[in-house]
>>> print(open('entry-v4.csv').read())   # CSV, C-alpha atoms
chain,number,residue,atom,x,y,z
A,1,TRP,CA,10.9,-25.1,-6.8
A,2,ARG,CA,13.3,-24.9,-9.8
A,3,ALA,CA,13.2,-28.7,-10.2
A,4,GLU,CA,9.5,-28.6,-10.4
A,5,HIS,CA,8.8,-25.3,-12.3
A,6,GLY,CA,12.0,-24.5,-14.2
A,7,ALA,CA,15.6,-23.5,-13.7
A,8,SER,CA,15.0,-19.8,-14.7
A,9,TRP,CA,13.2,-18.9,-11.5
A,10,GLU,CA,14.9,-16.3,-9.2
A,11,ILE,CA,14.3,-15.1,-5.7
A,12,GLU,CA,15.0,-11.8,-3.9
A,13,VAL,CA,15.4,-12.5,-0.2
A,14,ASP,CA,14.4,-9.9,2.4
A,15,PRO,CA,17.4,-10.1,4.8
A,16,LYS,CA,15.3,-8.8,7.7
A,17,ILE,CA,13.0,-11.8,7.7
A,18,GLY,CA,15.0,-14.4,5.8
A,19,PHE,CA,12.3,-15.2,3.3
A,20,GLY,CA,11.7,-14.2,-0.3
A,21,GLU,CA,10.1,-10.9,-1.0
A,22,LEU,CA,9.9,-11.5,-4.8
A,23,VAL,CA,9.9,-14.8,-6.7
A,24,TYR,CA,10.1,-14.3,-10.4
A,25,GLY,CA,11.9,-15.1,-13.7
A,26,SER,CA,9.9,-17.8,-15.4
A,27,ALA,CA,6.4,-19.3,-15.7
A,28,ALA,CA,4.6,-22.0,-13.7
A,29,LEU,CA,1.5,-23.7,-15.2
A,30,PRO,CA,-1.7,-23.8,-13.2
A,31,ALA,CA,-3.6,-27.0,-12.4
A,32,SER,CA,-6.3,-25.7,-14.8
A,33,ARG,CA,-6.8,-22.5,-16.9
A,34,PRO,CA,-8.9,-19.9,-15.0
A,35,GLU,CA,-12.0,-18.8,-16.9
A,36,ASN,CA,-13.1,-15.8,-14.9
A,37,ASP,CA,-12.1,-13.5,-12.0
A,38,ALA,CA,-13.1,-16.1,-9.4
A,39,GLY,CA,-10.9,-18.6,-11.2
A,40,PHE,CA,-7.9,-16.3,-11.2
A,41,VAL,CA,-8.3,-15.7,-7.4
A,42,GLU,CA,-8.5,-19.4,-6.7
A,43,THR,CA,-5.5,-20.1,-8.9
A,44,ALA,CA,-3.5,-17.3,-7.3
A,45,LEU,CA,-4.2,-18.7,-3.8
A,46,ALA,CA,-3.0,-22.1,-5.0
A,47,PHE,CA,0.2,-20.6,-6.3
A,48,VAL,CA,0.8,-18.8,-2.9
A,49,GLN,CA,0.3,-22.1,-1.1
A,50,ALA,CA,2.6,-24.0,-3.5
A,51,SER,CA,5.4,-21.4,-3.0
A,52,GLN,CA,5.0,-20.9,0.7
A,53,ALA,CA,8.4,-22.4,1.5
A,54,LEU,CA,10.0,-19.5,-0.5
A,55,HIS,CA,8.1,-16.5,1.0
A,56,GLY,CA,6.7,-17.9,4.3
A,57,ILE,CA,3.2,-16.5,3.9
A,58,SER,CA,0.3,-19.0,4.5
A,59,ALA,CA,-2.5,-18.8,2.0
A,60,SER,CA,-4.9,-19.5,4.9
A,61,ARG,CA,-4.0,-16.1,6.4
A,62,LEU,CA,-4.9,-14.1,3.3
A,63,VAL,CA,-8.1,-12.3,2.3
A,64,PHE,CA,-8.9,-11.2,-1.2
A,65,ASP,CA,-8.2,-7.5,-1.8
A,66,ARG,CA,-8.5,-6.9,-5.5
A,67,ILE,CA,-7.9,-8.2,-9.0
A,68,VAL,CA,-6.6,-6.1,-11.9
A,69,PHE,CA,-6.4,-6.9,-15.6
A,70,LEU,CA,-3.4,-5.4,-17.3
A,71,PRO,CA,-3.9,-5.0,-21.1
A,72,LEU,CA,-0.2,-5.1,-21.9
A,73,SER,CA,-0.8,-6.5,-25.4
A,74,LEU,CA,-1.5,-2.9,-26.4
A,75,ILE,CA,2.3,-2.3,-26.0
A,76,ASP,CA,3.5,-5.4,-27.7
A,77,SER,CA,3.6,-7.6,-24.6
A,78,THR,CA,1.1,-10.1,-23.3
A,79,ASP,CA,-1.9,-9.4,-21.2
A,80,LYS,CA,-1.4,-10.0,-17.4
A,81,THR,CA,-3.7,-10.4,-14.4
A,82,THR,CA,-2.6,-9.5,-10.9
A,83,VAL,CA,-4.4,-10.6,-7.8
A,84,ARG,CA,-3.7,-8.9,-4.5
A,85,PHE,CA,-4.3,-10.4,-1.0
A,86,ALA,CA,-4.1,-8.8,2.4
A,87,GLN,CA,-2.6,-10.6,5.3
A,88,GLU,CA,-4.9,-11.0,8.3
A,89,ILE,CA,-4.6,-13.0,11.5
A,90,ASP,CA,-8.0,-13.7,13.2
A,91,GLY,CA,-9.4,-10.7,11.4
A,92,VAL,CA,-6.6,-8.4,12.5
A,93,PRO,CA,-4.8,-6.9,9.4
A,94,VAL,CA,-1.0,-6.9,9.1
A,95,GLU,CA,0.0,-3.3,8.5
A,96,GLY,CA,1.4,-3.1,5.0
A,97,GLY,CA,1.1,-6.9,4.6
A,98,TYR,CA,0.2,-7.9,1.1
A,99,VAL,CA,0.8,-10.7,-1.4
A,100,ASN,CA,0.6,-9.9,-5.1
A,101,VAL,CA,0.4,-12.7,-7.6
A,102,LEU,CA,1.1,-11.9,-11.3
A,103,MET,CA,-0.3,-14.3,-13.9
A,104,ASP,CA,-0.4,-14.6,-17.7
A,105,THR,CA,-4.1,-13.9,-18.6
A,106,ALA,CA,-4.2,-16.3,-21.5
A,107,GLU,CA,-3.1,-19.4,-19.7
A,108,GLY,CA,-3.1,-18.4,-16.0
A,109,SER,CA,0.6,-19.2,-15.6
A,110,LEU,CA,2.3,-17.8,-12.6
A,111,LEU,CA,4.9,-15.1,-13.4
A,112,SER,CA,5.8,-13.7,-10.0
A,113,VAL,CA,4.8,-13.6,-6.3
A,114,GLN,CA,5.6,-10.5,-4.4
A,115,CYS,CA,5.3,-10.3,-0.6
A,116,THR,CA,5.3,-7.5,1.9
A,117,GLY,CA,3.9,-9.3,4.9
A,118,LEU,CA,5.4,-11.4,7.7
A,119,PRO,CA,6.0,-15.1,7.8
A,120,GLY,CA,5.2,-17.4,10.8
A,121,LEU,CA,2.2,-15.6,12.2
A,122,GLU,CA,-0.2,-18.5,12.3
A,123,ALA,CA,-0.1,-18.6,16.2
A,124,PHE,CA,0.2,-14.9,16.7
A,125,ASP,CA,-1.7,-13.6,19.8
A,126,THR,CA,-4.3,-11.0,18.6
A,127,GLN,CA,-5.9,-10.4,22.0
A,128,SER,CA,-5.4,-6.8,23.3
A,129,SER,CA,-4.9,-6.1,27.0
A,130,ILE,CA,-6.3,-2.6,26.8
A,131,THR,CA,-9.6,-1.4,25.5
A,132,ALA,CA,-10.4,0.9,22.6
A,133,GLU,CA,-11.8,3.4,25.0
A,134,ALA,CA,-8.5,3.5,26.9
A,135,VAL,CA,-6.6,4.0,23.7
A,136,SER,CA,-8.8,6.9,22.7
A,137,ALA,CA,-8.0,8.5,26.1
A,138,LEU,CA,-4.3,7.9,25.5
A,139,ALA,CA,-4.5,9.5,22.1
A,140,GLY,CA,-6.1,12.6,23.5
A,141,GLU,CA,-3.5,13.0,26.2
A,142,GLN,CA,-0.7,12.5,23.7
A,143,LEU,CA,-2.1,15.1,21.3
A,144,LEU,CA,-2.2,17.6,24.2
A,145,LEU,CA,1.4,16.7,25.1
A,146,ASP,CA,2.6,17.0,21.5
A,147,ALA,CA,0.7,20.0,20.2
A,148,GLY,CA,-0.4,21.7,23.3
A,149,ILE,CA,-4.1,21.8,22.4
A,150,PRO,CA,-7.0,19.6,23.5
A,151,VAL,CA,-8.3,17.0,21.1
A,152,GLU,CA,-11.5,17.7,19.2
A,153,LYS,CA,-11.9,14.4,17.3
A,154,ILE,CA,-10.7,10.9,17.7
A,155,SER,CA,-11.1,8.2,15.1
A,156,PRO,CA,-12.3,4.7,16.1
A,157,PRO,CA,-9.2,2.9,17.2
A,158,GLU,CA,-8.2,0.0,14.9
A,159,LEU,CA,-6.4,-3.1,16.0
A,160,VAL,CA,-3.5,-3.9,13.7
A,161,ILE,CA,-0.3,-6.0,13.6
A,162,ALA,CA,2.4,-3.5,13.0
A,163,GLN,CA,5.7,-4.4,11.3
A,164,ILE,CA,8.4,-3.0,13.6
A,165,GLU,CA,11.6,-2.2,11.6
A,166,ALA,CA,15.0,-2.6,13.2
A,167,GLU,CA,18.4,-2.5,11.6
A,168,THR,CA,18.5,-6.2,11.0
A,169,SER,CA,15.0,-7.4,11.6
A,170,ARG,CA,11.3,-6.8,11.0
A,171,THR,CA,9.0,-8.2,13.7
A,172,PRO,CA,5.2,-8.2,14.5
A,173,LEU,CA,3.7,-6.2,17.3
A,174,LEU,CA,0.0,-6.0,18.1
A,175,THR,CA,-1.0,-2.3,18.2
A,176,TRP,CA,-3.9,0.1,18.4
A,177,ARG,CA,-3.8,2.7,15.6
A,178,VAL,CA,-5.8,5.9,16.2
A,179,GLN,CA,-6.0,9.4,14.8
A,180,ALA,CA,-6.4,12.4,17.0
A,181,SER,CA,-7.3,15.8,15.5
A,182,ALA,CA,-8.0,19.4,16.4
A,183,HIS,CA,-8.7,22.7,14.7
A,184,LEU,CA,-10.2,21.0,11.7
A,185,ASP,CA,-13.0,23.6,11.3
A,186,ALA,CA,-11.1,26.6,12.6
A,187,ALA,CA,-10.9,29.5,10.1
A,188,LYS,CA,-7.5,30.9,11.2
A,189,LEU,CA,-5.8,28.1,13.0
A,190,ALA,CA,-3.8,25.4,11.3
A,191,PRO,CA,-5.4,22.0,11.6
A,192,VAL,CA,-3.6,19.3,13.6
A,193,SER,CA,-4.1,15.6,13.1
A,194,ILE,CA,-1.7,12.9,14.2
A,195,ILE,CA,-1.9,9.1,13.8
A,196,TYR,CA,-0.7,7.2,16.9
A,197,SER,CA,0.2,3.6,17.3
A,198,PHE,CA,0.1,2.2,20.9
A,199,ASP,CA,1.3,-1.2,22.1
A,200,ALA,CA,-2.0,-3.2,22.5
A,201,LYS,CA,-0.5,-5.1,25.5
A,202,SER,CA,1.2,-2.2,27.5
A,203,GLY,CA,-0.3,1.0,26.1
A,204,GLU,CA,3.2,2.3,25.3
A,205,LEU,CA,3.4,4.8,22.4
A,206,ILE,CA,5.2,3.0,19.5
A,207,ARG,CA,5.2,5.7,16.9
A,208,SER,CA,3.3,8.8,15.6
A,209,MET,CA,2.8,10.3,12.2
A,210,ASP,CA,1.5,13.6,11.0
A,211,ALA,CA,-1.7,13.0,9.0
A,212,ILE,CA,-1.7,16.4,7.4
A,213,LYS,CA,1.1,17.3,5.0
A,214,HIS,CA,1.7,21.0,4.5
A,215,TYR,CA,3.4,22.1,1.3
A,216,ASP,CA,4.2,25.7,0.3
A,217,VAL,CA,4.8,25.5,-3.4
A,218,SER,CA,6.0,28.3,-5.6
A,219,GLY,CA,7.5,28.6,-9.1
A,220,THR,CA,6.8,29.3,-12.7
A,221,VAL,CA,4.8,27.1,-15.1
A,222,GLN,CA,5.9,27.4,-18.7
A,223,SER,CA,4.2,26.2,-21.9
A,224,MET,CA,4.9,25.9,-25.6
A,225,VAL,CA,2.7,28.4,-27.5
A,226,THR,CA,2.5,29.4,-31.2
A,227,VAL,CA,3.9,32.7,-32.3
A,228,GLY,CA,1.5,35.5,-33.4
A,229,THR,CA,-2.3,35.5,-34.0
A,230,GLN,CA,-2.5,34.0,-37.5
A,231,ALA,CA,-4.3,30.7,-38.2
A,232,LEU,CA,-2.4,27.6,-37.1
A,233,HIS,CA,-0.7,25.4,-39.7
A,234,GLY,CA,2.0,22.7,-39.8
A,235,GLY,CA,4.8,25.3,-40.0
A,236,SER,CA,3.6,27.6,-37.2
A,237,ALA,CA,6.5,28.7,-35.1
A,238,GLU,CA,6.5,27.9,-31.3
A,239,GLU,CA,8.1,29.6,-28.3
A,240,ILE,CA,8.2,29.1,-24.5
A,241,LYS,CA,6.0,31.5,-22.5
A,242,PRO,CA,5.2,31.6,-18.8
A,243,MET,CA,1.6,30.7,-18.0
A,244,GLU,CA,-0.4,33.1,-15.9
A,245,ARG,CA,-2.5,31.5,-13.1
A,246,PRO,CA,-2.7,28.0,-14.6
A,247,GLY,CA,-5.8,26.1,-13.8
A,248,VAL,CA,-7.8,29.3,-13.1
A,249,PRO,CA,-10.5,30.2,-15.7
A,250,ASN,CA,-10.0,33.5,-17.4
A,251,PRO,CA,-13.4,35.2,-17.7
A,252,ASP,CA,-12.0,37.5,-20.4
A,253,ALA,CA,-10.8,34.7,-22.7
A,254,LYS,CA,-12.5,34.4,-26.0
>>> encode(input="entry-v4.csv", output="structure tokens")
Amino acid sequence: WRAEHGASWEIEVDPKIGFGELVYGSAALPASRPENDAGFVETALAFVQASQALHGISASRLVFDRIVFLPLSLIDSTDKTTVRFAQEIDGVPVEGGYVNVLMDTAEGSLLSVQCTGLPGLEAFDTQSSITAEAVSALAGEQLLLDAGIPVEKISPPELVIAQIEAETSRTPLLTWRVQASAHLDAAKLAPVSIIYSFDAKSGELIRSMDAIKHYDVSGTVQSMVTVGTQALHGGSAEEIKPMERPGVPNPDAK
């Protein structure tokens, strides 16, 4: 890669998969300058394919997610364009699997490739051994076990390829992801909602995550205010004062 695109290129290798998670440090010219969004997407895919040996992600397993123009010339840099792809195998998304391609907007030159997906999934088996209906039943049973209350709502189960983290590895696992909830409309009861991941081959519970975060926040908000009630001018003195009920309109304010 350096011999073809320049000696300044660097790579940060993810030790859990043995491939690059970030390729950066120089610029590689495109085959032709992209003229529009579609051109940038096509050019970005070509860069992913050309650099596959570094990050291990096949361009044929990517679907377009979004393109963003970054007007960095406003801060004395150069404008950039980033294209994001999601990794999918036979229509099944890889959980947290993305490839971000950063390019110079003026010329379409490659500046970096960042990957959060998994390499070597071209032949990955995406056929589940258990049905979505069975997974919904498992989620209801698990919520009753975890929270002690019967399930009231279950989201449509989604088949995904989870990235299973271990101390020295990150491996793919076909899973069903489903959200089970209760007490969502209760006036005095705290709502419960848990996202479960079940092994799509065995039905084993892989992990769970609370979908509702509860925060009890307290403290004092302070602001700089001018001293006195005289007209403001360049020399008006300022002092720190605590704010009363910030964000709540004061009907008595003039």
>>> residues_around(input="entry-v4.csv", residues="Pro157 in chain A", least_positions_apart="5", cutoff="12 Å", atoms="all atoms listed in the file", output="ChimeraX atom specification")
/A:130-140,175-180,195-198,200
>>> write_last_selection(input="entry-v4.csv", atoms="C-alpha atoms", output="PDB file, keeping the file's coordinate frame")
ATOM      1  CA  ILE A 130      -6.300  -2.600  26.800  1.00  0.00           C
ATOM      2  CA  THR A 131      -9.600  -1.400  25.500  1.00  0.00           C
ATOM      3  CA  ALA A 132     -10.400   0.900  22.600  1.00  0.00           C
ATOM      4  CA  GLU A 133     -11.800   3.400  25.000  1.00  0.00           C
ATOM      5  CA  ALA A 134      -8.500   3.500  26.900  1.00  0.00           C
ATOM      6  CA  VAL A 135      -6.600   4.000  23.700  1.00  0.00           C
ATOM      7  CA  SER A 136      -8.800   6.900  22.700  1.00  0.00           C
ATOM      8  CA  ALA A 137      -8.000   8.500  26.100  1.00  0.00           C
ATOM      9  CA  LEU A 138      -4.300   7.900  25.500  1.00  0.00           C
ATOM     10  CA  ALA A 139      -4.500   9.500  22.100  1.00  0.00           C
ATOM     11  CA  GLY A 140      -6.100  12.600  23.500  1.00  0.00           C
ATOM     12  CA  THR A 175      -1.000  -2.300  18.200  1.00  0.00           C
ATOM     13  CA  TRP A 176      -3.900   0.100  18.400  1.00  0.00           C
ATOM     14  CA  ARG A 177      -3.800   2.700  15.600  1.00  0.00           C
ATOM     15  CA  VAL A 178      -5.800   5.900  16.200  1.00  0.00           C
ATOM     16  CA  GLN A 179      -6.000   9.400  14.800  1.00  0.00           C
ATOM     17  CA  ALA A 180      -6.400  12.400  17.000  1.00  0.00           C
ATOM     18  CA  ILE A 195      -1.900   9.100  13.800  1.00  0.00           C
ATOM     19  CA  TYR A 196      -0.700   7.200  16.900  1.00  0.00           C
ATOM     20  CA  SER A 197       0.200   3.600  17.300  1.00  0.00           C
ATOM     21  CA  PHE A 198       0.100   2.200  20.900  1.00  0.00           C
ATOM     22  CA  ALA A 200      -2.000  -3.200  22.500  1.00  0.00           C
TER      23      ALA A 200
END
>>> residues_around(input="entry-v4.csv", residues="Gln127 in chain A", least_positions_apart="5", cutoff="10 Å", atoms="only C-alpha atoms", output="list in words")
Asp90, Val92, Leu159, Leu174, Ala200 and Lys201 of chain A
>>> atom_distance(input="entry-v4.csv", atom1="CA of Gly18 in chain A", atom2="CA of Glu42 in chain A")
27.1 Å
>>> atom_distance(input="entry-v4.csv", atom1="CA of Asn36 in chain A", atom2="CA of Ser112 in chain A")
19.6 Å
>>> atom_distance(input="entry-v4.csv", atom1="CA of Lys16 in chain A", atom2="CA of Val63 in chain A")
24.3 Å
>>> residues_around(input="entry-v4.csv", residues="Phe40 in chain A", least_positions_apart="3", cutoff="8 Å", atoms="only C-alpha atoms", output="MDAnalysis selection string")
chainID A and resid 34:37 43:44 81 83 108
>>> residues_around(input="entry-v4.csv", residues="Ile212 in chain A", least_positions_apart="3", cutoff="10 Å", atoms="only C-alpha atoms", output="PyMOL selection string")
chain A and resi 181+191-195+209+215
>>> closest_residue(input="entry-v4.csv", among="A:Pro93, A:Gly148, A:Gly25, A:Gly39", to="Val113 in chain A", atoms="all atoms listed in the file")
A:Gly25
>>> closest_residue(input="entry-v4.csv", among="A:Ser208, A:Thr226, A:Gln49, A:Thr78", to="Leu143 in chain A", atoms="all atoms listed in the file")
A:Ser208
